[in-house]
>>> print(open('query35.cif').read())   # mmCIF, C-alpha atoms
data_entry
#
loop_
_atom_site.label_atom_id
_atom_site.label_comp_id
_atom_site.auth_asym_id
_atom_site.auth_seq_id
_atom_site.Cartn_x
_atom_site.Cartn_y
_atom_site.Cartn_z
CA MET Z 1 0.00 0.00 0.00
CA THR Z 2 1.37 3.39 -1.01
CA ASP Z 3 1.11 6.30 1.42
CA ASN Z 4 -0.81 9.27 0.06
CA ILE Z 5 1.76 12.00 0.74
CA ILE Z 6 0.59 15.53 0.01
CA PRO Z 7 3.37 17.76 -1.35
CA PHE Z 8 4.12 20.87 0.69
CA ASN Z 9 2.84 24.02 -1.01
CA PRO Z 10 4.48 27.15 0.43
CA LEU Z 11 1.89 29.32 -1.32
CA ASP Z 12 -1.07 27.56 0.30
CA LYS Z 13 -3.25 30.13 2.13
CA LYS Z 14 -2.77 28.36 5.44
CA HIS Z 15 1.02 28.50 5.18
CA LEU Z 16 0.96 32.12 4.08
CA GLY Z 17 -1.22 32.97 7.09
CA GLU Z 18 1.14 31.10 9.39
CA SER Z 19 4.03 33.11 7.99
CA VAL Z 20 2.27 36.37 8.86
CA GLY Z 21 1.34 35.04 12.29
CA GLN Z 22 4.87 33.91 13.12
CA ALA Z 23 6.26 37.27 12.05
CA MET Z 24 3.77 39.09 14.29
CA LEU Z 25 4.61 36.87 17.27
CA ARG Z 26 8.30 37.72 16.89
CA GLN Z 27 7.60 41.42 17.40
CA PRO Z 28 8.43 43.06 20.74
CA VAL Z 29 5.72 43.41 23.39
CA ARG Z 30 4.97 46.98 24.46
CA PRO Z 31 2.83 48.51 27.26
CA LEU Z 32 -0.51 49.62 25.81
CA GLY Z 33 -0.53 52.65 28.08
CA GLU Z 34 2.62 53.92 26.34
CA LEU Z 35 1.21 53.58 22.82
CA SER Z 36 2.78 56.12 20.45
CA ARG Z 37 1.98 57.06 16.88
CA PHE Z 38 3.24 54.98 13.98
CA SER Z 39 2.27 54.44 10.36
CA GLY Z 40 0.90 51.37 8.64
CA ALA Z 41 -1.89 48.80 8.59
CA GLY Z 42 -1.68 45.21 9.79
CA VAL Z 43 -2.42 42.78 12.60
CA TYR Z 44 -2.01 42.99 16.37
CA ALA Z 45 -2.52 41.13 19.64
CA ILE Z 46 -3.42 42.53 23.07
CA TYR Z 47 -2.27 40.79 26.24
CA TYR Z 48 -3.60 40.98 29.81
CA ALA Z 49 -1.48 40.29 32.90
CA GLY Z 50 -3.65 41.62 35.75
CA ASP Z 51 -5.76 40.08 38.50
CA PHE Z 52 -9.34 40.39 37.23
CA PRO Z 53 -10.84 37.04 38.33
CA ALA Z 54 -12.29 36.05 34.94
CA TYR Z 55 -8.86 35.97 33.30
CA ASP Z 56 -6.57 34.08 35.70
CA GLU Z 57 -5.74 31.40 33.11
CA ILE Z 58 -4.73 34.08 30.61
CA ALA Z 59 -2.89 36.44 32.94
CA SER Z 60 -0.70 33.68 34.39
CA ARG Z 61 0.74 33.08 30.91
CA ASN Z 62 1.44 36.74 30.27
CA ARG Z 63 3.62 37.58 33.24
CA GLY Z 64 7.35 37.93 33.05
CA ASP Z 65 8.61 37.67 29.49
CA THR Z 66 6.24 34.97 28.21
CA PHE Z 67 3.19 36.76 26.70
CA SER Z 68 1.79 33.60 25.14
CA ALA Z 69 -1.98 34.11 25.55
CA PRO Z 70 -3.57 37.08 23.78
CA ILE Z 71 -6.85 38.28 25.23
CA TYR Z 72 -7.74 39.86 21.86
CA VAL Z 73 -6.47 39.70 18.29
CA GLY Z 74 -7.42 42.18 15.59
CA LYS Z 75 -6.58 43.81 12.32
CA ALA Z 76 -6.62 47.25 10.76
CA VAL Z 77 -6.85 47.64 6.99
CA PRO Z 78 -6.30 50.94 5.20
CA GLU Z 79 -9.49 52.98 5.01
CA GLY Z 80 -10.99 52.77 1.55
CA ALA Z 81 -8.90 49.73 0.62
CA ARG Z 82 -11.96 47.65 -0.30
CA LYS Z 83 -13.05 50.27 -2.82
CA GLY Z 84 -9.55 51.06 -4.04
CA LYS Z 85 -9.72 54.56 -2.59
CA LEU Z 86 -7.28 55.08 0.26
CA SER Z 87 -8.04 57.99 2.56
CA PRO Z 88 -5.38 60.52 3.62
CA ASP Z 89 -5.48 59.06 7.17
CA SER Z 90 -5.04 55.44 6.09
CA THR Z 91 -1.33 55.47 6.91
CA GLU Z 92 -2.05 55.42 10.67
CA THR Z 93 -4.95 52.98 10.64
CA LEU Z 94 -3.26 50.38 12.89
CA TYR Z 95 -2.18 52.96 15.45
CA ARG Z 96 -5.70 54.46 15.55
CA ARG Z 97 -7.28 51.03 16.05
CA LEU Z 98 -5.01 50.31 19.01
CA ASN Z 99 -5.67 53.78 20.38
CA ASP Z 100 -9.43 53.12 20.24
CA HIS Z 101 -8.85 50.00 22.34
CA LYS Z 102 -6.73 51.98 24.77
CA LYS Z 103 -9.55 54.51 25.18
CA SER Z 104 -12.10 51.73 25.79
CA ILE Z 105 -10.00 50.22 28.57
CA ALA Z 106 -9.36 53.65 30.10
CA LYS Z 107 -13.11 54.21 30.50
CA VAL Z 108 -13.72 51.25 32.82
CA ASP Z 109 -13.03 51.06 36.55
CA ASN Z 110 -12.25 47.35 36.96
CA LEU Z 111 -9.34 47.16 34.50
CA ASP Z 112 -5.90 48.74 34.95
CA MET Z 113 -4.13 50.09 31.87
CA GLY Z 114 -0.82 49.01 33.36
CA ASP Z 115 -1.88 45.37 32.97
CA PHE Z 116 -2.24 45.57 29.19
CA PHE Z 117 0.40 45.02 26.53
CA TYR Z 118 0.42 44.67 22.77
CA ARG Z 119 2.48 43.60 19.79
CA PHE Z 120 1.80 44.40 16.16
CA LEU Z 121 3.01 43.78 12.63
CA VAL Z 122 2.63 46.12 9.69
CA VAL Z 123 1.60 43.93 6.74
CA ASP Z 124 0.89 44.37 3.04
CA ASP Z 125 -2.86 44.84 2.70
CA ILE Z 126 -3.64 41.56 0.96
CA TRP Z 127 -2.30 39.43 3.84
CA ILE Z 128 -3.95 41.25 6.75
CA PRO Z 129 -7.27 39.31 6.96
CA LEU Z 130 -5.48 35.98 6.47
CA GLY Z 131 -2.99 36.69 9.24
CA GLU Z 132 -5.73 37.77 11.64
CA SER Z 133 -7.90 34.72 10.98
CA LEU Z 134 -4.97 32.31 11.57
CA LEU Z 135 -4.02 34.03 14.84
CA ILE Z 136 -7.61 33.91 16.09
CA ALA Z 137 -7.92 30.25 15.14
CA LYS Z 138 -4.65 29.45 16.93
CA PHE Z 139 -5.25 31.30 20.20
CA SER Z 140 -9.08 31.60 20.43
CA PRO Z 141 -8.76 34.86 22.41
CA ILE Z 142 -11.62 35.20 24.86
CA TRP Z 143 -12.48 38.76 23.80
CA ASN Z 144 -12.83 37.54 20.22
CA HIS Z 145 -15.11 34.62 21.05
CA LEU Z 146 -16.84 34.29 24.41
CA ILE Z 147 -16.91 37.88 25.65
CA ASP Z 148 -18.06 39.91 22.67
CA GLY Z 149 -18.03 43.64 22.11
CA PHE Z 150 -14.54 44.90 22.97
CA GLY Z 151 -13.93 46.07 19.39
CA ASN Z 152 -17.40 47.61 18.98
CA HIS Z 153 -17.99 51.30 18.36
CA ASP Z 154 -20.95 53.46 19.29
CA PRO Z 155 -23.65 52.44 16.76
CA GLY Z 156 -24.92 56.03 16.70
CA LYS Z 157 -28.02 57.93 17.73
CA GLY Z 158 -31.19 55.86 17.59
CA ARG Z 159 -29.30 52.60 16.95
CA HIS Z 160 -29.02 51.18 20.46
CA ALA Z 161 -31.82 48.61 20.16
CA GLY Z 162 -29.40 45.67 20.38
CA LEU Z 163 -28.26 43.97 23.55
CA ARG Z 164 -25.43 45.45 25.57
CA PRO Z 165 -22.24 43.54 24.67
CA LYS Z 166 -21.00 41.03 27.23
CA TRP Z 167 -17.74 42.98 27.43
CA ASP Z 168 -19.60 46.06 28.68
CA VAL Z 169 -21.57 44.06 31.25
CA LEU Z 170 -18.29 42.67 32.59
CA HIS Z 171 -16.41 45.97 32.25
CA PRO Z 172 -18.93 48.84 32.46
CA GLY Z 173 -17.89 52.38 31.67
CA ARG Z 174 -18.33 53.09 27.97
CA PRO Z 175 -21.22 55.61 27.90
CA TRP Z 176 -22.73 54.41 24.62
CA ALA Z 177 -23.08 50.84 25.91
CA ASP Z 178 -25.38 52.04 28.72
CA LYS Z 179 -27.89 53.04 26.04
CA CYS Z 180 -28.11 49.46 24.71
CA GLN Z 181 -30.70 46.99 25.93
CA PRO Z 182 -29.81 45.11 29.16
CA ARG Z 183 -28.72 41.48 29.02
CA MET Z 184 -30.13 38.63 31.10
CA GLU Z 185 -26.62 37.71 32.33
CA ASN Z 186 -25.06 39.73 35.11
CA GLN Z 187 -21.39 40.34 35.78
CA ASP Z 188 -20.94 37.41 38.18
CA GLN Z 189 -22.51 35.00 35.71
CA ILE Z 190 -20.21 36.13 32.91
CA ILE Z 191 -17.16 35.83 35.18
CA ARG Z 192 -18.10 32.22 36.01
CA GLU Z 193 -18.74 31.50 32.33
CA ALA Z 194 -15.31 32.86 31.41
CA GLN Z 195 -13.57 30.90 34.17
CA ASP Z 196 -15.27 27.66 33.13
CA HIS Z 197 -14.45 28.29 29.48
CA LEU Z 198 -10.76 28.92 30.17
CA ARG Z 199 -10.48 25.88 32.45
CA ASN Z 200 -11.94 23.67 29.73
CA ASN Z 201 -10.15 25.47 26.86
CA PRO Z 202 -6.79 26.64 28.24
CA PRO Z 203 -4.68 28.91 26.03
CA PRO Z 204 -1.85 27.26 24.07
CA ASP Z 205 1.39 26.79 25.99
CA ASP Z 206 3.56 28.60 23.45
CA ASN Z 207 3.55 31.09 20.60
CA SER Z 208 4.07 28.48 17.88
CA MET Z 209 1.84 28.78 14.82
CA ILE Z 210 2.61 25.21 13.72
CA SER Z 211 -0.52 23.07 13.75
CA ALA Z 212 -0.52 19.75 15.52
#
>>> encode(input="query35.cif", output="structure tokens")
Amino acid sequence: MTDNIIPFNPLDKKHLGESVGQAMLRQPVRPLGELSRFSGAGVYAIYYAGDFPAYDEIASRNRGDTFSAPIYVGKAVPEGARKGKLSPDSTETLYRRLNDHKKSIAKVDNLDMGDFFYRFLVVDDIWIPLGESLLIAKFSPIWNHLIDGFGNHDPGKGRHAGLRPKWDVLHPGRPWADKCQPRMENQDQIIREAQDHLRNNPPPDDNSMISA
């Protein structure tokens, strides 16, 4: 019987995404509170190392020099890229996305900015979504999956008919979220849900992008 060996294709989308992910994970980790302006679009990861009870499994892997468990992964593409019309501000799109996140965290009372860190990679536009999707699939960051809403913006006047995001129930403080409809879950319930989820689905032990 002959083994069915599949030839390695370096241009396969999965391998290209892994290449972007590995490059991002080799970037230095910086304190989010010290974010400074830079140019470019690309992918990023945010790390938490504090003592909020919902995130013990994550924080324990992000202390010292490890930073192996992102709490959130995201991307920033140049504005107008989908329509082929780049805006004058598109050169700082990644910085502005991270700065939006910094502002969200600064508005809440039960998170400390000093506990947050980030790394980023400026990437050619075509590879940004692929790199983000591979990083999310690898790490399953809890703010991307279970606790929704961290990356949300104010939907605008008269558009608050939807439920308040879980993130804003757990971390109240963003004024626009108070205008949304209340959820059935309270903060304690979401904390227990997050703890159970992380116990049953612990973050990976390393930053490798190589699939098992």
>>> atom_distance(input="query35.cif", atom1="CA of His153 (chain Z)", atom2="CA of Met184 (chain Z)")
21.7 Å
>>> residues_around(input="query35.cif", residues="region 35-47 of chain Z", least_positions_apart="2", cutoff="9 Å", atoms="all atoms listed in the file", output="compact mmCIF listing (two decimals) with C-alpha atoms, in the frame of the given file")
# COMPACT_ATOMS: atom_id res chain seq x y z
CA VAL Z 20 2.27 36.37 8.86
CA GLY Z 21 1.34 35.04 12.29
CA MET Z 24 3.77 39.09 14.29
CA LEU Z 25 4.61 36.87 17.27
CA VAL Z 29 5.72 43.41 23.39
CA ARG Z 30 4.97 46.98 24.46
CA PRO Z 31 2.83 48.51 27.26
CA LEU Z 32 -0.51 49.62 25.81
CA GLY Z 33 -0.53 52.65 28.08
CA ALA Z 49 -1.48 40.29 32.90
CA ILE Z 58 -4.73 34.08 30.61
CA ALA Z 59 -2.89 36.44 32.94
CA ASN Z 62 1.44 36.74 30.27
CA PHE Z 67 3.19 36.76 26.70
CA SER Z 68 1.79 33.60 25.14
CA ALA Z 69 -1.98 34.11 25.55
CA PRO Z 70 -3.57 37.08 23.78
CA ILE Z 71 -6.85 38.28 25.23
CA TYR Z 72 -7.74 39.86 21.86
CA VAL Z 73 -6.47 39.70 18.29
CA GLY Z 74 -7.42 42.18 15.59
CA LYS Z 75 -6.58 43.81 12.32
CA ALA Z 76 -6.62 47.25 10.76
CA VAL Z 77 -6.85 47.64 6.99
CA PRO Z 78 -6.30 50.94 5.20
CA SER Z 90 -5.04 55.44 6.09
CA THR Z 91 -1.33 55.47 6.91
CA GLU Z 92 -2.05 55.42 10.67
CA THR Z 93 -4.95 52.98 10.64
CA LEU Z 94 -3.26 50.38 12.89
CA TYR Z 95 -2.18 52.96 15.45
CA ARG Z 96 -5.70 54.46 15.55
CA LEU Z 98 -5.01 50.31 19.01
CA ASN Z 99 -5.67 53.78 20.38
CA LYS Z 102 -6.73 51.98 24.77
CA ASP Z 115 -1.88 45.37 32.97
CA PHE Z 116 -2.24 45.57 29.19
CA PHE Z 117 0.40 45.02 26.53
CA TYR Z 118 0.42 44.67 22.77
CA ARG Z 119 2.48 43.60 19.79
CA PHE Z 120 1.80 44.40 16.16
CA LEU Z 121 3.01 43.78 12.63
CA VAL Z 122 2.63 46.12 9.69
CA VAL Z 123 1.60 43.93 6.74
CA ASP Z 124 0.89 44.37 3.04
CA ASP Z 125 -2.86 44.84 2.70
CA TRP Z 127 -2.30 39.43 3.84
CA ILE Z 128 -3.95 41.25 6.75
CA PRO Z 129 -7.27 39.31 6.96
CA GLY Z 131 -2.99 36.69 9.24
CA GLU Z 132 -5.73 37.77 11.64
CA LEU Z 135 -4.02 34.03 14.84
>>> atom_distance(input="query35.cif", atom1="CA of Asp178 (chain Z)", atom2="CA of Glu57 (chain Z)")
28.8 Å
>>> atom_distance(input="query35.cif", atom1="CA of Ser133 (chain Z)", atom2="CA of His171 (chain Z)")
25.5 Å
>>> resolve_selection(input="query35.cif", expression="the PyMOL selection byres ((chain Z and resi 200-203) around 7)", output="list in words")
Glu57, Ile58, Ala69, Phe139, Asp196, His197, Leu198, Arg199, Pro204 and Asp205 of chain Z
>>> residues_around(input="query35.cif", residues="Leu163 (chain Z)", least_positions_apart="2", cutoff="6 Å", atoms="all atoms listed in the file", output="VMD selection string")
chain Z and resid 180 to 182
>>> closest_residue(input="query35.cif", among="Z:Thr66, Z:Asn152, Z:Asn144, Z:Asn186", to="Ser104 (chain Z)", atoms="only C-alpha atoms")
Z:Asn152
>>> axis_aligned_box(input="query35.cif", around="region 103-117 of chain Z", padding_each_side="5 Å", output="JSON")
{"center_x": -6.7, "center_y": 49.8, "center_z": 31.1, "size_x": 24.1, "size_y": 19.5, "size_z": 21.8}
>>> closest_residue(input="query35.cif", among="Z:Gly114, Z:Pro28, Z:Gly50, Z:Gly149", to="Trp167 (chain Z)", atoms="only C-alpha atoms")
Z:Gly149
>>> closest_residue(input="query35.cif", among="Z:Pro53, Z:Gly162, Z:Gly151, Z:Pro141", to="Arg174 (chain Z)", atoms="only C-alpha atoms")
Z:Gly151
>>> closest_residue(input="query35.cif", among="Z:Gln27, Z:Ala137, Z:Arg63, Z:Ala54", to="Asp188 (chain Z)", atoms="all atoms listed in the file")
Z:Ala54
>>> closest_residue(input="query35.cif", among="Z:Glu185, Z:Pro172, Z:Arg26, Z:His101", to="Met113 (chain Z)", atoms="all atoms listed in the file")
Z:His101
